[in-house]
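Undergrad: Coordinates in model23.txt, compact mmCIF, C-alpha atoms and all ligand atoms, are listed below.
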# COMPACT_ATOMS: atom_id res chain seq x y z
CA MET A 1 0.00 0.00 0.00
CA THR A 2 1.19 3.55 -0.80
CA ASN A 3 2.46 5.29 2.28
CA VAL A 4 2.45 9.10 2.45
CA LEU A 5 4.34 11.06 5.08
CA ILE A 6 3.24 14.63 5.78
CA ALA A 7 6.25 16.20 7.48
CA THR A 8 5.58 19.79 8.48
CA GLN A 9 7.68 21.49 11.11
CA LYS A 10 5.14 24.31 10.79
CA SER A 11 1.87 22.40 10.79
CA PHE A 12 -1.05 22.96 8.42
CA ALA A 13 -4.34 24.34 9.76
CA GLU A 14 -6.74 21.66 11.04
CA LYS A 15 -9.14 22.15 8.14
CA ALA A 16 -6.31 21.61 5.67
CA VAL A 17 -5.24 18.45 7.48
CA SER A 18 -8.73 16.97 7.28
CA GLN A 19 -8.97 17.71 3.54
CA ILE A 20 -5.52 16.22 2.89
CA VAL A 21 -6.57 13.13 4.83
CA SER A 22 -9.78 12.73 2.85
CA THR A 23 -7.89 13.04 -0.46
CA LEU A 24 -5.45 10.33 0.60
CA GLU A 25 -8.17 8.10 2.05
CA SER A 26 -10.20 8.32 -1.17
CA ALA A 27 -7.16 6.91 -2.97
CA ASP A 28 -6.85 4.21 -0.33
CA TYR A 29 -3.39 5.38 0.75
CA GLU A 30 -1.85 5.05 4.18
CA TYR A 31 -0.55 8.24 5.72
CA SER A 32 1.22 9.57 8.78
CA PHE A 33 1.87 13.07 10.09
CA LEU A 34 5.06 14.36 11.63
CA GLU A 35 4.14 17.85 12.79
CA ASN A 36 6.01 20.51 14.78
CA TYR A 37 9.02 18.22 15.13
CA SER A 38 12.16 19.67 16.63
CA SER A 39 14.93 17.26 15.67
CA LYS A 40 16.11 15.91 12.35
CA SER A 41 16.29 12.39 13.81
CA GLU A 42 12.49 12.36 14.05
CA LEU A 43 12.29 13.08 10.32
CA LEU A 44 14.96 10.49 9.49
CA ASP A 45 12.95 7.93 11.37
CA ALA A 46 9.55 8.88 9.94
CA VAL A 47 10.72 8.87 6.32
CA LYS A 48 12.00 5.28 6.38
CA THR A 49 8.81 3.70 5.08
CA ALA A 50 7.42 6.60 3.02
CA ASP A 51 6.66 6.19 -0.69
CA ALA A 52 5.70 9.86 -0.90
CA MET A 53 6.29 12.94 1.17
CA ILE A 54 4.53 16.28 1.59
CA VAL A 55 6.70 19.02 3.10
CA ARG A 56 6.65 22.78 3.55
CA SER A 57 9.96 24.53 4.30
CA ASP A 58 11.24 21.31 5.90
CA ILE A 59 14.82 20.50 4.95
CA VAL A 60 15.11 17.46 2.70
CA ASP A 61 18.84 16.96 2.25
CA GLU A 62 21.00 14.00 1.21
CA GLU A 63 20.76 12.46 4.68
CA VAL A 64 16.96 12.53 4.63
CA LEU A 65 16.92 11.11 1.10
CA ALA A 66 19.36 8.35 2.11
CA ALA A 67 17.06 7.35 4.97
CA ALA A 68 14.05 7.19 2.63
CA ALA A 69 14.62 3.87 0.91
CA ASP A 70 11.14 3.61 -0.67
CA LEU A 71 10.63 7.26 -1.59
CA LYS A 72 9.40 8.04 -5.12
CA ILE A 73 8.02 11.55 -4.85
CA ILE A 74 8.34 14.66 -2.67
CA VAL A 75 5.81 17.45 -3.02
CA ARG A 76 6.72 20.79 -1.51
CA ALA A 77 3.31 22.24 -0.57
CA GLY A 78 4.22 25.73 -1.65
CA SER A 79 6.31 27.53 -4.15
CA GLY A 80 10.00 27.80 -3.19
CA TYR A 81 11.80 24.47 -3.15
CA ASP A 82 15.21 25.70 -2.02
CA ASN A 83 14.76 23.48 1.07
CA VAL A 84 14.90 20.30 -1.03
CA ASN A 85 18.13 18.98 -2.53
CA ILE A 86 16.59 18.44 -5.95
CA GLU A 87 19.78 17.15 -7.57
CA ALA A 88 20.32 14.50 -4.88
CA ALA A 89 16.65 13.52 -5.30
CA LYS A 90 17.10 13.27 -9.06
CA ALA A 91 20.17 11.07 -8.61
CA LYS A 92 18.00 8.74 -6.51
CA GLY A 93 15.18 8.79 -9.07
CA VAL A 94 12.89 10.72 -6.70
CA VAL A 95 10.52 13.19 -8.40
CA VAL A 96 10.26 16.60 -6.71
CA MET A 97 7.26 18.88 -7.31
CA ASN A 98 5.97 22.14 -5.92
CA THR A 99 2.40 23.49 -5.98
CA PRO A 100 2.84 26.78 -7.84
CA GLY A 101 0.40 29.59 -7.15
CA GLN A 102 -1.52 27.80 -4.41
CA ASN A 103 -0.42 30.00 -1.53
CA SER A 104 0.41 33.14 -3.49
CA ASN A 105 -2.57 35.27 -2.46
CA ALA A 106 -1.70 34.75 1.21
CA VAL A 107 1.91 35.84 0.66
CA ALA A 108 0.78 38.82 -1.44
CA GLU A 109 -1.62 39.99 1.26
CA LEU A 110 1.19 39.86 3.80
CA ALA A 111 3.49 41.83 1.48
CA VAL A 112 0.88 44.59 1.17
CA GLY A 113 0.31 44.45 4.94
CA LEU A 114 4.03 44.92 5.58
CA ALA A 115 4.13 47.86 3.16
CA LEU A 116 1.21 49.48 4.96
CA TYR A 117 2.73 48.81 8.37
CA GLY A 118 6.04 50.33 7.30
CA LEU A 119 4.42 53.34 5.71
CA ARG A 120 2.46 53.99 8.92
CA ASN A 121 5.68 53.88 10.95
CA MET A 122 4.74 50.57 12.59
CA PHE A 123 1.53 52.09 13.99
CA SER A 124 3.70 54.04 16.42
CA GLY A 125 1.41 57.07 16.66
CA THR A 126 3.56 59.25 14.38
CA SER A 127 2.36 60.59 11.01
CA GLY A 128 2.90 58.08 8.23
CA GLY A 129 2.00 57.94 4.56
CA GLU A 130 -0.65 56.35 2.34
CA LEU A 131 -0.35 53.73 -0.34
CA ARG A 132 -2.65 55.66 -2.66
CA GLY A 133 -0.74 57.51 -5.35
CA ARG A 134 2.56 55.81 -4.53
CA THR A 135 4.44 53.44 -6.83
CA ILE A 136 5.15 49.84 -5.95
CA GLY A 137 8.09 48.22 -7.72
CA LEU A 138 7.75 44.49 -8.12
CA HIS A 139 11.11 42.77 -8.24
CA GLY A 140 10.04 39.69 -10.21
CA TYR A 141 6.64 38.84 -11.68
CA GLY A 142 5.57 35.39 -10.53
CA TYR A 143 2.29 34.38 -8.88
CA VAL A 144 2.83 36.39 -5.69
CA ALA A 145 3.82 39.58 -7.51
CA ARG A 146 0.76 39.28 -9.77
CA ASN A 147 -1.46 39.08 -6.71
CA VAL A 148 0.28 42.08 -5.16
CA HIS A 149 -0.39 44.04 -8.36
CA ARG A 150 -4.09 43.04 -8.25
CA ILE A 151 -4.43 44.04 -4.58
CA VAL A 152 -2.57 47.37 -4.72
CA HIS A 153 -4.62 48.47 -7.70
CA GLY A 154 -7.51 48.75 -5.23
CA PHE A 155 -5.37 51.01 -3.03
CA GLY A 156 -4.76 53.35 -5.96
CA MET A 157 -1.08 52.49 -6.30
CA LYS A 158 0.86 52.43 -9.56
CA SER A 159 2.70 49.19 -10.30
CA ALA A 160 6.05 48.83 -12.02
CA VAL A 161 8.01 45.65 -12.47
CA TYR A 162 11.41 44.36 -13.45
CA THR A 163 11.14 40.88 -14.94
CA ARG A 164 13.19 38.96 -17.44
CA TYR A 165 10.69 36.20 -18.16
CA SER A 166 7.18 37.67 -17.93
CA LYS A 167 7.53 40.99 -19.76
CA SER A 168 4.66 40.60 -22.21
CA GLN A 169 2.29 39.39 -19.49
CA ALA A 170 3.19 42.37 -17.29
CA VAL A 171 2.68 44.83 -20.16
CA SER A 172 -0.66 43.26 -21.03
CA GLU A 173 -1.72 43.61 -17.38
CA GLY A 174 -0.96 47.33 -17.41
CA LEU A 175 2.33 47.47 -15.50
CA LEU A 176 5.21 49.65 -16.41
CA VAL A 177 8.13 47.30 -17.18
CA THR A 178 11.54 48.78 -16.45
CA GLY A 179 14.68 48.00 -18.43
CA SER A 180 16.75 47.31 -15.34
CA LEU A 181 16.49 46.53 -11.64
CA GLU A 182 18.21 49.84 -10.88
CA GLU A 183 15.52 51.73 -12.79
CA LEU A 184 12.81 49.89 -10.83
CA TYR A 185 14.39 50.71 -7.47
CA ALA A 186 14.85 54.36 -8.51
CA MET A 187 11.17 54.91 -9.29
CA SER A 188 9.51 52.96 -6.44
CA ASP A 189 8.20 54.17 -3.10
CA VAL A 190 7.79 50.55 -2.06
CA VAL A 191 9.88 47.74 -3.53
CA SER A 192 8.43 44.26 -3.05
CA ILE A 193 10.75 41.33 -3.72
CA HIS A 194 9.30 38.26 -5.46
CA VAL A 195 12.14 36.21 -6.89
CA PRO A 196 13.17 32.69 -5.88
CA ALA A 197 16.42 31.84 -4.10
CA ARG A 198 18.03 30.48 -7.25
CA GLY A 199 20.65 31.44 -9.81
CA GLU A 200 20.98 35.10 -10.68
CA HIS A 201 18.51 36.11 -7.97
CA ILE A 202 20.80 35.14 -5.09
CA ALA A 203 22.10 38.35 -3.45
CA SER A 204 20.57 40.34 -6.33
CA VAL A 205 19.45 43.04 -3.86
CA SER A 206 22.94 44.52 -3.53
CA PHE A 207 24.31 47.91 -2.49
CA ASP A 208 24.63 48.83 -6.16
CA VAL A 209 20.92 48.28 -6.66
CA LEU A 210 19.77 49.68 -3.29
CA LYS A 211 21.69 52.93 -3.78
CA HIS A 212 19.15 53.94 -6.43
CA LEU A 213 16.22 53.91 -3.95
CA LYS A 214 14.09 57.03 -3.59
CA ASN A 215 13.99 58.95 -0.33
CA ASN A 216 11.88 57.23 2.34
CA ALA A 217 11.54 54.05 0.32
CA ILE A 218 10.40 50.82 1.93
CA VAL A 219 11.79 47.45 0.89
CA VAL A 220 9.47 44.50 1.54
CA ASN A 221 10.87 40.98 1.39
CA THR A 222 8.43 38.07 1.54
CA ALA A 223 10.69 35.93 -0.66
CA ARG A 224 13.91 34.54 0.87
CA LYS A 225 16.73 36.08 2.87
CA GLU A 226 19.23 34.72 0.32
CA VAL A 227 18.03 37.09 -2.41
CA VAL A 228 19.29 40.02 -0.36
CA ASN A 229 22.99 40.66 0.15
CA GLU A 230 22.66 41.18 3.90
CA GLU A 231 25.98 42.92 4.42
CA ASP A 232 25.15 45.36 1.62
CA LEU A 233 21.69 45.98 3.07
CA ILE A 234 23.14 46.78 6.50
CA ASN A 235 25.77 49.09 5.01
CA PHE A 236 23.16 50.75 2.87
CA MET A 237 20.75 51.32 5.77
CA ARG A 238 23.56 52.89 7.80
CA PHE A 239 24.26 55.23 4.93
CA ARG A 240 20.57 55.98 4.18
CA PRO A 241 18.64 56.51 7.47
CA ASP A 242 15.39 57.22 5.59
CA VAL A 243 14.96 53.66 4.26
CA LYS A 244 12.98 50.87 5.95
CA TYR A 245 13.20 47.09 5.54
CA MET A 246 10.15 44.91 6.26
CA ALA A 247 10.56 41.17 5.92
CA ASP A 248 8.78 37.88 6.39
CA VAL A 249 12.19 36.28 6.56
CA GLN A 250 14.52 37.08 9.42
CA PRO A 251 18.00 38.02 8.27
CA ASP A 252 20.98 36.30 9.88
CA ARG A 253 22.12 39.42 11.69
CA VAL A 254 18.95 40.46 13.52
CA ASP A 255 21.10 41.91 16.33
CA GLU A 256 22.64 44.48 14.04
CA PHE A 257 19.23 45.63 12.86
CA THR A 258 18.09 45.92 16.49
CA LYS A 259 21.22 47.88 17.40
CA HIS A 260 21.37 50.32 14.48
CA PHE A 261 17.95 50.61 12.85
CA LYS A 262 15.38 51.19 15.59
CA GLY A 263 11.94 51.91 14.07
CA ARG A 264 13.15 51.11 10.56
CA PHE A 265 12.63 47.37 10.27
CA PHE A 266 10.19 44.61 11.05
CA PHE A 267 10.63 40.84 10.83
CA THR A 268 7.95 38.23 11.41
CA PRO A 269 9.13 35.86 14.15
CA LYS A 270 8.53 32.87 11.87
CA LYS A 271 7.86 32.72 8.12
CA MET A 272 4.17 33.68 8.02
CA GLY A 273 3.39 34.54 4.40
CA ALA A 274 1.63 31.28 3.55
CA GLN A 275 0.32 30.64 7.05
CA THR A 276 -3.41 31.04 6.41
CA ILE A 277 -6.17 28.44 6.50
CA GLU A 278 -6.93 29.08 2.84
CA ALA A 279 -3.32 28.77 1.68
CA ASN A 280 -2.83 25.64 3.79
CA ILE A 281 -5.89 24.04 2.22
CA ASN A 282 -4.95 25.08 -1.32
CA ALA A 283 -1.31 24.00 -1.15
CA GLY A 284 -1.84 20.94 1.08
CA VAL A 285 -4.70 19.48 -0.95
CA ALA A 286 -2.92 20.24 -4.24
CA ALA A 287 0.12 18.37 -2.90
CA ALA A 288 -2.00 15.34 -1.95
CA GLU A 289 -3.79 15.38 -5.32
CA GLN A 290 -0.49 15.63 -7.20
CA ILE A 291 0.77 12.55 -5.36
CA VAL A 292 -2.37 10.60 -6.23
CA SER A 293 -2.18 11.68 -9.86
CA PHE A 294 1.52 10.76 -10.02
CA PHE A 295 0.94 7.22 -8.76
CA GLN A 296 -2.30 6.66 -10.67
CA ASN A 297 -1.51 8.33 -14.01
CA GLY A 298 2.24 8.96 -14.00
CA ASP A 299 1.45 12.70 -14.00
CA LYS A 300 4.65 14.75 -13.49
CA THR A 301 3.26 18.16 -14.49
CA PHE A 302 4.79 20.11 -11.63
CA GLN A 303 8.12 18.29 -11.47
CA VAL A 304 10.98 20.70 -10.75
CA ASN A 305 13.93 18.28 -11.02
CA LYS A 306 13.58 16.90 -14.55
C1 LIG A 401 6.63 29.16 -0.29
O1 LIG A 401 7.75 29.06 -0.80
O2 LIG A 401 5.64 28.59 -0.76
C2 LIG A 401 6.43 30.04 0.90
O3 LIG A 401 7.64 30.60 1.32
C3 LIG A 401 5.72 29.36 2.05
O4 LIG A 401 6.54 28.57 2.84
P1 LIG A 401 5.92 27.75 4.08
O5 LIG A 401 5.14 26.61 3.52
O6 LIG A 401 7.12 27.28 4.86
O7 LIG A 401 5.07 28.67 4.88
Turn the structure described in the file into structure tokens.
TA:
Amino acid sequence: MTNVLIATQKSFAEKAVSQIVSTLESADYEYSFLENYSSKSELLDAVKTADAMIVRSDIVDEEVLAAAADLKIIVRAGSGYDNVNIEAAKAKGVVVMNTPGQNSNAVAELAVGLALYGLRNMFSGTSGGELRGRTIGLHGYGYVARNVHRIVHGFGMKSAVYTRYSKSQAVSEGLLVTGSLEELYAMSDVVSIHVPARGEHIASVSFDVLKHLKNNAIVVNTARKEVVNEEDLINFMRFRPDVKYMADVQPDRVDEFTKHFKGRFFFTPKKMGAQTIEANINAGVAAAEQIVSFFQNGDKTFQVNK
């Protein structure tokens, strides 16, 4: 019988869990949950008999893959799969998938919330600013950025974007597409980062890009800490005391932000972007359905390690 392990250090909402269970039960699969675990050894133990795995930001490295003798498929219930060693999985013949778009509205809503919070000076009682009439610069134009564009339209913001791969879509959706990242940063009151932690995007938010920011700009990062060159960001914020950084991903050097940038930064204590009931249901159920479709029909539509 097919055995599915749902390993989520950050557990899904109860409603999502019950819908995942009913999807797996309808297919007559066995399943087990490893939720809120604190040590890797628990995961190494749980994965031993799994044919399939659903994870979130849980680390699936070579050691985990080596312990999973029967594993055929891993589905990352979410978008970014930088937590899975996709090459090691490929070498073992394990298919890795994500569930693109399923949690993107939740992340986009948080990005807009962070922009608003920053613009209102963290609700500190001092006079802030309004989103209306300001320009948001989308660094990347994937599912989350598209949702941000849709939402901020209602606030009366103008959207601009720098994208290499989705230019025609962005133009057709009414965004101003800039010719460079520097140009985007120079024209935006709020920059919202939406690129994955891969390839050319790693450390792409560098001093050389940041130095183009307008006065009083806010940088919102609901993507990954790796896309920002942290040392450059710290140096830049020391040099430009008007700029704020709002992130759903804690940087490595939180202490330096606390010491030097009082009132100019905010970090969620834990990655929260996709932590809504709706996103948990969408991504969790999609993951379970993709596993069923893979075993029943050989469907590899969302494979990311071909
Ligand atoms: C994603 O890549 O889908 C988001 O960062 C959500 O991650 P999470 O499932 O760990 O909340």
Undergrad: Can you pull out every residue within 9 Å of Lys214 (chain A), counting all atoms listed in the file, but drop anything in the same chain fewer than 3 positions away, and send it as JSON, numbers by chain?
TA: {"A": [185, 186, 187, 188, 189, 211, 217, 243]}
Undergrad: Could you give me, as JSON, numbers by chain, every polymer residue with an atom at most 10 Å away from an atom of ligand LIG 401 (chain A), counting all atoms listed in the file?
TA: {"A": [8, 9, 10, 11, 12, 55, 56, 57, 58, 76, 77, 78, 79, 80, 81, 82, 83, 98, 99, 100, 101, 102, 103, 104, 106, 107, 144, 196, 197, 222, 223, 224, 248, 249, 270, 271, 272, 273, 274, 275, 276, 279, 280, 283, 284]}
Undergrad: Could you pull the residues within 12 Å of region 251-254 of chain A, counting all atoms listed in the file, minus those fewer than 6 positions along the same chain, as a list of chain:residue names?
TA: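 The residues satisfying every condition are A:Asn221, A:Thr222, A:Ala223, A:Arg224, A:Lys225, A:Glu226, A:Val227, A:Val228, A:Asn229, A:Glu230, A:Glu231, A:Leu233, A:Ile234, A:Tyr245, A:His260, A:Phe261, A:Lys262, A:Phe265, A:Phe266, A:Phe267, A:Thr268, A:Pro269, A:Lys270, A:Lys271.
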Undergrad: Neighbours of Glu62 (chain A) within 12 Å (all atoms listed in the file; same-chain residues fewer than 6 positions away dropped), as a list in words?
TA: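 The residues satisfying every condition are Leu44, Ala68, Ala69, Asn83, Val84, Asn85, Ile86, Glu87, Ala88, Ala89, Lys90, Ala91, Lys92 and Val94 of chain A.
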Undergrad: Suppose you want the space between CA of Val148 (chain A) and CA of Asn105 (chain A); what is it in Å?
TA: 7.9 Å
Undergrad: Distance CA of Val4 (chain A)-CA of Ala50 (chain A), one decimal place?
TA: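 Separation between CA of Val4 (chain A) and CA of Ala50 (chain A): 5.6 Å.
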Undergrad: Between CA of Ser39 (chain A) and CA of Val304 (chain A), what distance in Å does the model show, to one decimal?
TA: 26.9 Å
Undergrad: Would you pick out the contacts of Ile281 (chain A) at 8 Å or less, using all atoms listed in the file, so that residues sharing its chain but fewer than 5 positions from it are not included, and give the list as a list in words?
TA: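 Contacts, with the query itself left out: Phe12, Ala13, Lys15, Ala16, Val17, Gln19 and Ile20 of chain A.
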Undergrad: I need the residue nearest Glu130 (chain A) from this list: A:Asn147, A:Phe155, A:Met246, A:Ala111. Use only C-alpha atoms for the distance.
TA: A:Phe155
Undergrad: Write out all heavy atoms for region 222-233 of chain A, as a tab-separated table (two decimals), keeping the file's coordinate frame.
TA:
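Just written: part30.tsv:
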chain	number	residue	atom	x	y	z
A	222	THR	N	9.17	39.27	1.12
A	222	THR	CA	8.43	38.07	1.54
A	222	THR	C	8.95	36.87	0.76
A	222	THR	O	8.29	35.83	0.70
A	222	THR	CB	6.91	38.23	1.28
A	222	THR	OG1	6.72	38.62	-0.09
A	222	THR	CG2	6.27	39.24	2.21
A	223	ALA	N	10.13	37.03	0.15
A	223	ALA	CA	10.69	35.93	-0.66
A	223	ALA	C	11.63	35.09	0.22
A	223	ALA	O	11.15	34.27	1.01
A	223	ALA	CB	11.39	36.52	-1.88
A	224	ARG	N	12.94	35.30	0.08
A	224	ARG	CA	13.91	34.54	0.87
A	224	ARG	C	15.02	35.48	1.28
A	224	ARG	O	15.36	36.41	0.55
A	224	ARG	CB	14.53	33.40	0.03
A	224	ARG	CG	13.58	32.28	-0.34
A	224	ARG	CD	13.22	31.40	0.85
A	224	ARG	NE	12.42	30.26	0.45
A	224	ARG	CZ	11.09	30.25	0.36
A	224	ARG	NH1	10.40	31.35	0.65
A	224	ARG	NH2	10.45	29.17	-0.01
A	225	LYS	N	15.65	35.19	2.43
A	225	LYS	CA	16.73	36.08	2.87
A	225	LYS	C	17.91	36.03	1.89
A	225	LYS	O	18.63	37.00	1.72
A	225	LYS	CB	17.18	35.74	4.29
A	225	LYS	CG	17.82	34.40	4.43
A	225	LYS	CD	18.28	34.14	5.87
A	225	LYS	CE	18.93	32.77	5.91
A	225	LYS	NZ	19.31	32.34	7.23
A	226	GLU	N	18.08	34.90	1.22
A	226	GLU	CA	19.23	34.72	0.32
A	226	GLU	C	19.21	35.66	-0.89
A	226	GLU	O	20.23	35.85	-1.54
A	226	GLU	CB	19.31	33.27	-0.18
A	226	GLU	CG	19.72	32.25	0.85
A	226	GLU	CD	18.57	31.82	1.76
A	226	GLU	OE1	17.42	32.27	1.55
A	226	GLU	OE2	18.84	31.05	2.71
A	227	VAL	N	18.06	36.21	-1.24
A	227	VAL	CA	18.03	37.09	-2.41
A	227	VAL	C	18.57	38.48	-2.09
A	227	VAL	O	18.82	39.29	-2.97
A	227	VAL	CB	16.62	37.17	-3.07
A	227	VAL	CG1	16.14	35.79	-3.47
A	227	VAL	CG2	15.62	37.86	-2.17
A	228	VAL	N	18.73	38.73	-0.79
A	228	VAL	CA	19.29	40.02	-0.36
A	228	VAL	C	20.73	39.81	0.09
A	228	VAL	O	21.02	38.88	0.85
A	228	VAL	CB	18.46	40.59	0.82
A	228	VAL	CG1	19.11	41.83	1.41
A	228	VAL	CG2	17.05	40.89	0.37
A	229	ASN	N	21.63	40.67	-0.37
A	229	ASN	CA	22.99	40.66	0.15
A	229	ASN	C	22.94	41.40	1.49
A	229	ASN	O	22.85	42.63	1.54
A	229	ASN	CB	23.94	41.37	-0.83
A	229	ASN	CG	25.36	41.38	-0.33
A	229	ASN	OD1	25.62	41.52	0.86
A	229	ASN	ND2	26.29	41.24	-1.26
A	230	GLU	N	22.96	40.62	2.57
A	230	GLU	CA	22.66	41.18	3.90
A	230	GLU	C	23.69	42.23	4.34
A	230	GLU	O	23.34	43.25	4.92
A	230	GLU	CB	22.60	40.03	4.90
A	230	GLU	CG	21.88	40.40	6.16
A	230	GLU	CD	21.60	39.21	7.05
A	230	GLU	OE1	21.05	38.21	6.56
A	230	GLU	OE2	21.96	39.27	8.23
A	231	GLU	N	24.95	41.96	4.03
A	231	GLU	CA	25.98	42.92	4.42
A	231	GLU	C	25.75	44.26	3.69
A	231	GLU	O	25.83	45.33	4.28
A	231	GLU	CB	27.35	42.35	4.08
A	231	GLU	CG	28.46	43.16	4.69
A	231	GLU	CD	29.81	42.54	4.47
A	231	GLU	OE1	29.90	41.35	4.14
A	231	GLU	OE2	30.80	43.29	4.61
A	232	ASP	N	25.43	44.14	2.40
A	232	ASP	CA	25.15	45.36	1.62
A	232	ASP	C	23.94	46.10	2.16
A	232	ASP	O	23.93	47.33	2.24
A	232	ASP	CB	24.86	44.99	0.15
A	232	ASP	CG	26.13	44.75	-0.64
A	232	ASP	OD1	27.21	44.62	-0.03
A	232	ASP	OD2	26.04	44.67	-1.88
A	233	LEU	N	22.91	45.34	2.55
A	233	LEU	CA	21.69	45.98	3.07
A	233	LEU	C	22.01	46.75	4.35
A	233	LEU	O	21.58	47.90	4.53
A	233	LEU	CB	20.60	44.93	3.33
A	233	LEU	CG	19.34	45.46	4.00
A	233	LEU	CD1	18.59	46.43	3.09
A	233	LEU	CD2	18.40	44.32	4.42
